[in-house]
Amino acid sequence: MDSLTENLKKLNLVVPAPVADSFPEANTVDLCRNYITEQLSELAGVDKSIIFPALEWCQVLEKGDLLLPLPRLRLKGNLDEMAKDLAAKFPLGGYIDRVVPQGKFLQFYFNTQFLLKYVTKDVLTRTLDFGSAPLGNGKSVIVEFSSPNIAKPFHAGHLRSTIIGGFLSNLYERLGWKVIRMNYLGDWGKQFGVLAVGFRKYGSEAELEVNPIQHLFDVYVKINNDIKAEQEAAEAKGETLDPNNCIDGEARSFFKKMEDGDKESVALWKKFRNLSIEKYIDTYARLNIKYDVYSGESQVSDEVMKNVSKTLQEKNMITEDRGALLIDFKQLGQKKLGKVLVQKSDGTSLYITRDLGAAIERHEKYNFDKMIYVIASQQDLHTKQFFTALDMMGNKWSKDLVHVNFGMVLGMSTRKGTVVFLDDILEAVKAKMLEIMKQNSEKFAQVDDPEKVADLVGISAVMIQDMQAKRINNYEFGWDRMLSSEGDTGPYLQYAHSRLRSIQRSAAVPDEDLLNANMSIENVCGSLEKLKALNLSEEEFTKKYKLLESQIEKTQALARVMASYPDTLRYASKNYEPSTVVTYLFKLTHQFSSTYKVLRVIGEDREVMIARLALFSAVRQILHNGMILLGITPVERM
Ligand code: ARG
């Protein structure tokens with residue numbers, strides 16, 4: 001007997017027939033979907049494959065757990081009447097205990113006795129694995145994210161790409177996909193010629209070793225100032241610069257040498273690249289991100305670039321303009337996509353050409369089922385252009401490419417000035433967080449490693465601020481707001497987690513006991529019978545009865561929120577929205593907080609205490625899993 005059948009048998013429940021693409025072992029909402037589908041299919045005579053996907057989520061608990069819009073069943077007749085009729089005839093029981101007709105909709109409510117018993121145990125048994133499901137088994141996905149440019153600032157666009165891409169990678173992994181995390185560095189182009197010339201003039205080997213990213217950036221800024229000065233001086237004299245005798249010309253010829261494979265030039269560039277990557281590895285580790293591949297614009301092979309040119313020519317996608325080659329999408333029937341240069345007159349390649357080549361190479365090498373590009377919406381046009389070009393070139397798999405875009409961040413600067421690198425942002429947030437923590441000296445003294453906690457909580461502040469709204473929205477970088485422990489912030493989630501940990505610490509119940517807890521609502525909250533048996537005065541009785549009502553209501557709501565975690569993850573993997581998970585975690589923590597107010601743990605009879613603790617331990621586990629998924633390390637104390 002499989003474990004699902006076994007566990008449900010203990011609750012006197014029969015497993016409903018599984019519908020294709022459902023995951024009842026991993027997702028309790030799917031289990032209930034299967035039950036509804038089975039029953040409705042019989043009642044209404046509609047095929048299961050139509051009912052199952054029509055069962056939608058409800059945004060608010062008051063409206064039920066699942067919602068069925070009858071129009072989606074393609075039935076003929078008076079749908080309002082049909083809704084009433086189906087609701088009246090629907091067999092209630094162990095899975096569903098209420099069906100309410102609402103116009104042409106049916107609202108289904110899960111049986112909360114079942115949820116409380118089944119989900120709590122499921123979470124406590126599967127621990128870190130709770131939420132995962134084998135949706136993508138056997139499939140692979142490349143997630144390309146962050147992709148900063150060497151010697152240039154790591155700007156807000158890169159920060160957002162890092163955060164969102166890190167989350168999506170974790171999410172797909174949880175859902176059974178083989179994930180390849182890829183960083184596509186901006187590590188090729190004329191700027192490396194500029195950098196090389198600059199390094200000769202301003203570079204220091206020692207500084208390069210210590211902080212390559214900062215040093216290369218400094219050099220780059222200095223030499224660019226020189227270039228500007230040279231140009232302005234020439235302009236002032238009404239002269240034009242001699243390309244063979246100016247910095248810009250020197251840079252250009254250095255890059256040309258790189259493109260031609262000159263050993264010395266390539267070696268210098270490689271050194272810049274490798275040292276930068278070493279530093280990046282450490283910084284990304286602070287965000288719990290580890291790449292499988294550091295690729296980059298430089299890594300696209302000559303061979304594939306030649307093939308790209310050839311195919312573009314063969315498919316008649318190229319127009320010539322004064323020695324340069326371009327794709328004129330308008331001529332090719334894609335009005336909105338304009339024109340784009342694919343090869344300069346000196347034969348060198350461009351950003352879009354390298355993207356075409358890189359995609360083709362990746363497809364050959366990894367044979368992915370899906371490839372996600374996490375790039376700012378400022379590059380929407382670029383991305384559409386290269387996706388469309390790939391398609392026109394005859395790559396059928398271009399339909400498997402997804403652009404996950406996002407809006408801008410405004411005002412990301414500190415008192416010390418504009419932040420330029422990821423490290424600076426993280427250091428600034430950590431320092432601020434430490435300041436805030438010190439304000440409560442009593443609590444501060446109890447924290448083991450305040451630096452570490454400030455770092456982790458600070459990072460969670462940055463991350464939650466970034467992921468809490470729909471990704472396409474712009475947002476303002478609000479140092480104080482995001483670090484506040486009130487309102488929906490990263491520190492609030494951390495606070496909730498450490499509070500749950502503290503409840504567990506004070507109760508000190510062995511895991512084994514939690515797993516065997518009696519999770520009936522009568523035990524967790526109490527019952528009218530138990531109250532009556534206490535022989536209370538009328539006044540006392542009324543008071544306790546009110547409390548009991550509120551305990552039951554809140555506990556039921558909490559169980560329903562807990563049950564929907566796996567389904568939330570699946571939904572997020574379809575809309576690529578971190579906010580789906582963040583919103584869920586706030587819903588969970590708010591519901592926990594309001595339940596905990598009426599459901600004390602310490603001071604109750606042991607059986608009741610264990611049951612309540614089991615419930616809150618399960619909440620803690622889900623919160624933990626969700627935070628990890630977002631890339632946040634939950635703290636034990638703060
Ligand atoms: N390095 C680019 C930039 O900073 C982002 C690269 C995005 N990825 C891509 N395949 N084009 O703008």
# chains A, B, ... in the order shown; residues from 1 in each chain; ligands from 1

$ residues_near_ligand --ligand "ligand 1" --cutoff "7 Å" --atoms "only C-alpha atoms and all ligand atoms" --output "number ranges by chain"
A: 147-149, 158, 184-186, 355, 373, 375

$ residues_around --residues "Leu410 of chain A" --least-positions-apart "5" --cutoff "7 Å" --atoms "only C-alpha atoms" --output "list in words"
Tyr475, Glu476 and Phe477 of chain A

$ residues_around --residues "segment 22-34 of chain A" --least-positions-apart "4" --cutoff "9 Å" --atoms "only C-alpha atoms" --output "PDB file with C-alpha atoms, in the first residue's frame"
ATOM      1  CA  SER A   3       1.834   5.976   1.834  1.00  0.00           C
ATOM      2  CA  LEU A   4      -0.952   8.237   0.584  1.00  0.00           C
ATOM      3  CA  VAL A  15      -8.103   8.104  -2.277  1.00  0.00           C
ATOM      4  CA  PRO A  16     -10.036   9.697  -5.124  1.00  0.00           C
ATOM      5  CA  ALA A  17      -9.072   8.572  -8.620  1.00  0.00           C
ATOM      6  CA  PRO A  18      -6.055  10.672  -9.678  1.00  0.00           C
ATOM      7  CA  GLU A  38     -14.606  12.679  -9.382  1.00  0.00           C
ATOM      8  CA  GLN A  39     -17.921  13.612  -7.772  1.00  0.00           C
ATOM      9  CA  LYS A  48     -12.819  15.026 -15.706  1.00  0.00           C
ATOM     10  CA  ILE A  51     -13.467  19.965 -14.494  1.00  0.00           C
ATOM     11  CA  PHE A  52     -10.017  19.628 -12.930  1.00  0.00           C
ATOM     12  CA  PRO A  53      -8.310  22.636 -14.562  1.00  0.00           C
ATOM     13  CA  LEU A  55     -11.130  24.565 -10.249  1.00  0.00           C
ATOM     14  CA  ASP A  65     -10.885  27.099  -0.898  1.00  0.00           C
ATOM     15  CA  LEU A  66     -11.680  26.319  -4.518  1.00  0.00           C
ATOM     16  CA  TYR A  95     -12.623  16.119   2.036  1.00  0.00           C
ATOM     17  CA  ILE A  96     -15.269  18.774   1.426  1.00  0.00           C
ATOM     18  CA  PHE A 110     -12.265  21.887   2.555  1.00  0.00           C
ATOM     19  CA  LEU A 115      -6.705  19.447   6.908  1.00  0.00           C
ATOM     20  CA  TYR A 118      -3.437  15.464   7.532  1.00  0.00           C
ATOM     21  CA  VAL A 119      -1.452  18.593   6.659  1.00  0.00           C
ATOM     22  CA  PHE A 130       7.142  19.976   2.056  1.00  0.00           C
ATOM     23  CA  GLY A 131       6.042  22.090  -0.902  1.00  0.00           C
ATOM     24  CA  SER A 132       8.026  20.236  -3.505  1.00  0.00           C
ATOM     25  CA  ALA A 133       6.323  18.180  -6.181  1.00  0.00           C
ATOM     26  CA  PRO A 134       7.581  16.155  -9.131  1.00  0.00           C
ATOM     27  CA  LEU A 135       6.055  18.483 -11.746  1.00  0.00           C
ATOM     28  CA  ALA A 563      -2.604  23.401   3.036  1.00  0.00           C
ATOM     29  CA  SER A 564      -2.277  25.764   0.104  1.00  0.00           C
ATOM     30  CA  TYR A 565       1.516  26.132   0.166  1.00  0.00           C
ATOM     31  CA  PRO A 566       2.351  23.466  -2.459  1.00  0.00           C
ATOM     32  CA  ASP A 567      -0.325  24.801  -4.786  1.00  0.00           C
TER      33      ASP A 567
END

$ select_by_dssp --residues "segment 273-349 of chain A" --states "strand (DSSP E)" --output "PyMOL selection string"
chain A and resi 293-296+318-321+324-328+339-343

$ atom_distance --atom1 "atom CA of Asn518 of chain A" --atom2 "atom CA of Gln504 of chain A"
17.6 Å

$ closest_residue --among "A:Ile602, A:Val179, A:Ala461, A:Ala508" --to "Thr489 of chain A" --atoms "only C-alpha atoms"
A:Ala461

$ select_by_dssp --residues "segment 22-173 of chain A" --states "alpha helix (DSSP H)" --output "number ranges by chain"
A: 28-44, 48-54, 79-89, 112-126, 156-173

$ write_last_selection --atoms "C-alpha atoms" --output "short mmCIF file (atom, residue, chain, number, x, y, z; two decimals), in the first residue's frame"
data_model
loop_
_atom_site.label_atom_id
_atom_site.label_comp_id
_atom_site.auth_asym_id
_atom_site.auth_seq_id
_atom_site.Cartn_x
_atom_site.Cartn_y
_atom_site.Cartn_z
CA THR A 28 -3.37 18.42 -0.64
CA VAL A 29 -5.27 20.92 -2.76
CA ASP A 30 -4.82 18.54 -5.70
CA LEU A 31 -6.12 15.71 -3.55
CA CYS A 32 -9.28 17.72 -2.90
CA ARG A 33 -9.45 18.75 -6.56
CA ASN A 34 -9.42 15.09 -7.50
CA TYR A 35 -12.27 14.39 -5.12
CA ILE A 36 -14.39 17.28 -6.44
CA THR A 37 -13.60 16.27 -10.00
CA GLU A 38 -14.61 12.68 -9.38
CA GLN A 39 -17.92 13.61 -7.77
CA LEU A 40 -18.88 16.39 -10.17
CA SER A 41 -18.01 14.35 -13.19
CA GLU A 42 -20.62 11.84 -12.10
CA LEU A 43 -23.21 14.40 -11.01
CA ALA A 44 -22.98 16.67 -14.03
CA LYS A 48 -12.82 15.03 -15.71
CA SER A 49 -10.26 16.70 -17.93
CA ILE A 50 -12.59 19.70 -18.18
CA ILE A 51 -13.47 19.97 -14.49
CA PHE A 52 -10.02 19.63 -12.93
CA PRO A 53 -8.31 22.64 -14.56
CA ALA A 54 -11.44 24.75 -14.05
CA LEU A 79 -26.44 27.90 -14.88
CA ASP A 80 -27.70 29.66 -11.74
CA GLU A 81 -30.22 26.89 -11.19
CA MET A 82 -27.64 24.26 -12.01
CA ALA A 83 -25.24 25.70 -9.43
CA LYS A 84 -27.94 25.44 -6.75
CA ASP A 85 -28.81 21.93 -7.79
CA LEU A 86 -25.20 20.69 -7.87
CA ALA A 87 -24.44 22.28 -4.50
CA ALA A 88 -27.44 20.53 -2.94
CA LYS A 89 -26.55 17.14 -4.39
CA THR A 112 -10.81 21.47 8.24
CA GLN A 113 -10.73 18.46 10.59
CA PHE A 114 -9.11 16.59 7.74
CA LEU A 115 -6.70 19.45 6.91
CA LEU A 116 -5.59 19.90 10.48
CA LYS A 117 -4.79 16.24 10.94
CA TYR A 118 -3.44 15.46 7.53
CA VAL A 119 -1.45 18.59 6.66
CA THR A 120 0.20 19.06 10.05
CA LYS A 121 1.52 15.53 9.97
CA ASP A 122 2.50 15.82 6.32
CA VAL A 123 4.57 18.94 7.02
CA LEU A 124 6.23 17.49 10.10
CA THR A 125 7.09 14.28 8.25
CA ARG A 126 8.38 15.79 5.05
CA ALA A 156 19.63 47.95 -9.73
CA GLY A 157 18.73 45.98 -12.85
CA HIS A 158 21.39 43.41 -12.00
CA LEU A 159 20.28 43.33 -8.37
CA ARG A 160 16.69 42.57 -9.32
CA SER A 161 17.75 39.99 -11.88
CA THR A 162 19.88 38.29 -9.20
CA ILE A 163 17.08 38.18 -6.65
CA ILE A 164 14.31 37.10 -9.00
CA GLY A 165 16.50 34.63 -10.89
CA GLY A 166 17.79 33.08 -7.67
CA PHE A 167 14.21 32.53 -6.56
CA LEU A 168 13.07 31.05 -9.88
CA SER A 169 15.99 28.61 -9.90
CA ASN A 170 15.15 27.40 -6.40
CA LEU A 171 11.47 27.16 -7.27
CA TYR A 172 12.00 25.05 -10.38
CA GLU A 173 14.37 22.81 -8.49
#

$ residues_around --residues "segment 292-298 of chain A" --least-positions-apart "6" --cutoff "7 Å" --atoms "only C-alpha atoms" --output "NGL selection string"
:A and (180-188 or 354)

$ write_last_selection --atoms "C-alpha atoms" --output "compact mmCIF listing (two decimals), in the first residue's frame"
# COMPACT_ATOMS: atom_id res chain seq x y z
CA ILE A 180 21.18 25.07 -14.68
CA ARG A 181 21.98 28.42 -13.09
CA MET A 182 23.81 30.56 -15.58
CA ASN A 183 25.48 33.94 -15.35
CA TYR A 184 25.96 35.57 -18.74
CA LEU A 185 28.63 38.16 -18.07
CA GLY A 186 29.08 41.28 -20.12
CA ASP A 187 32.72 40.37 -20.70
CA TRP A 188 33.35 41.24 -24.33
CA ARG A 354 26.04 37.17 -29.48

$ closest_residue --among "A:Gln334, A:Cys246, A:Leu61, A:Arg481" --to "Ala233 of chain A" --atoms "only C-alpha atoms"
A:Cys246

$ residues_around --residues "segment 305-314 of chain A" --least-positions-apart "5" --cutoff "10 Å" --atoms "only C-alpha atoms" --output "ChimeraX atom specification"
/A:300,319,325-327,342-343,349,353-358,360-361,389-390,392-394

$ residues_around --residues "segment 541-556 of chain A" --least-positions-apart "5" --cutoff "7 Å" --atoms "only C-alpha atoms" --output "PDB file with N, CA and C atoms, in the first residue's frame"
ATOM      1  N   THR A 112     -11.981  21.004   7.486  1.00  0.00           N
ATOM      2  CA  THR A 112     -10.810  21.465   8.243  1.00  0.00           C
ATOM      3  C   THR A 112     -10.328  20.448   9.278  1.00  0.00           C
ATOM      4  N   CYS A 525      -8.382  22.879  20.146  1.00  0.00           N
ATOM      5  CA  CYS A 525      -9.075  24.073  20.634  1.00  0.00           C
ATOM      6  C   CYS A 525      -9.963  23.803  21.849  1.00  0.00           C
ATOM      7  N   GLY A 526     -10.582  22.629  21.884  1.00  0.00           N
ATOM      8  CA  GLY A 526     -11.561  22.348  22.931  1.00  0.00           C
ATOM      9  C   GLY A 526     -12.928  22.151  22.303  1.00  0.00           C
ATOM     10  N   LEU A 536     -18.835  25.904  34.945  1.00  0.00           N
ATOM     11  CA  LEU A 536     -18.454  27.298  35.191  1.00  0.00           C
ATOM     12  C   LEU A 536     -19.681  28.149  35.502  1.00  0.00           C
ATOM     13  N   THR A 595      -3.742  33.612  15.372  1.00  0.00           N
ATOM     14  CA  THR A 595      -4.121  32.359  16.030  1.00  0.00           C
ATOM     15  C   THR A 595      -3.380  32.209  17.368  1.00  0.00           C
ATOM     16  N   VAL A 598      -4.812  33.654  20.562  1.00  0.00           N
ATOM     17  CA  VAL A 598      -5.882  32.988  21.302  1.00  0.00           C
ATOM     18  C   VAL A 598      -5.551  31.534  21.661  1.00  0.00           C
ATOM     19  N   LEU A 599      -4.431  31.044  21.134  1.00  0.00           N
ATOM     20  CA  LEU A 599      -4.112  29.627  21.336  1.00  0.00           C
ATOM     21  C   LEU A 599      -2.760  29.497  22.035  1.00  0.00           C
TER      22      LEU A 599
END

$ closest_residue --among "A:Trp177, A:Tyr571, A:Phe199, A:Tyr280" --to "Gly138 of chain A" --atoms "only C-alpha atoms"
A:Trp177

$ atom_distance --atom1 "atom CA of Asp262 of chain A" --atom2 "atom CA of Lys365 of chain A"
27.1 Å
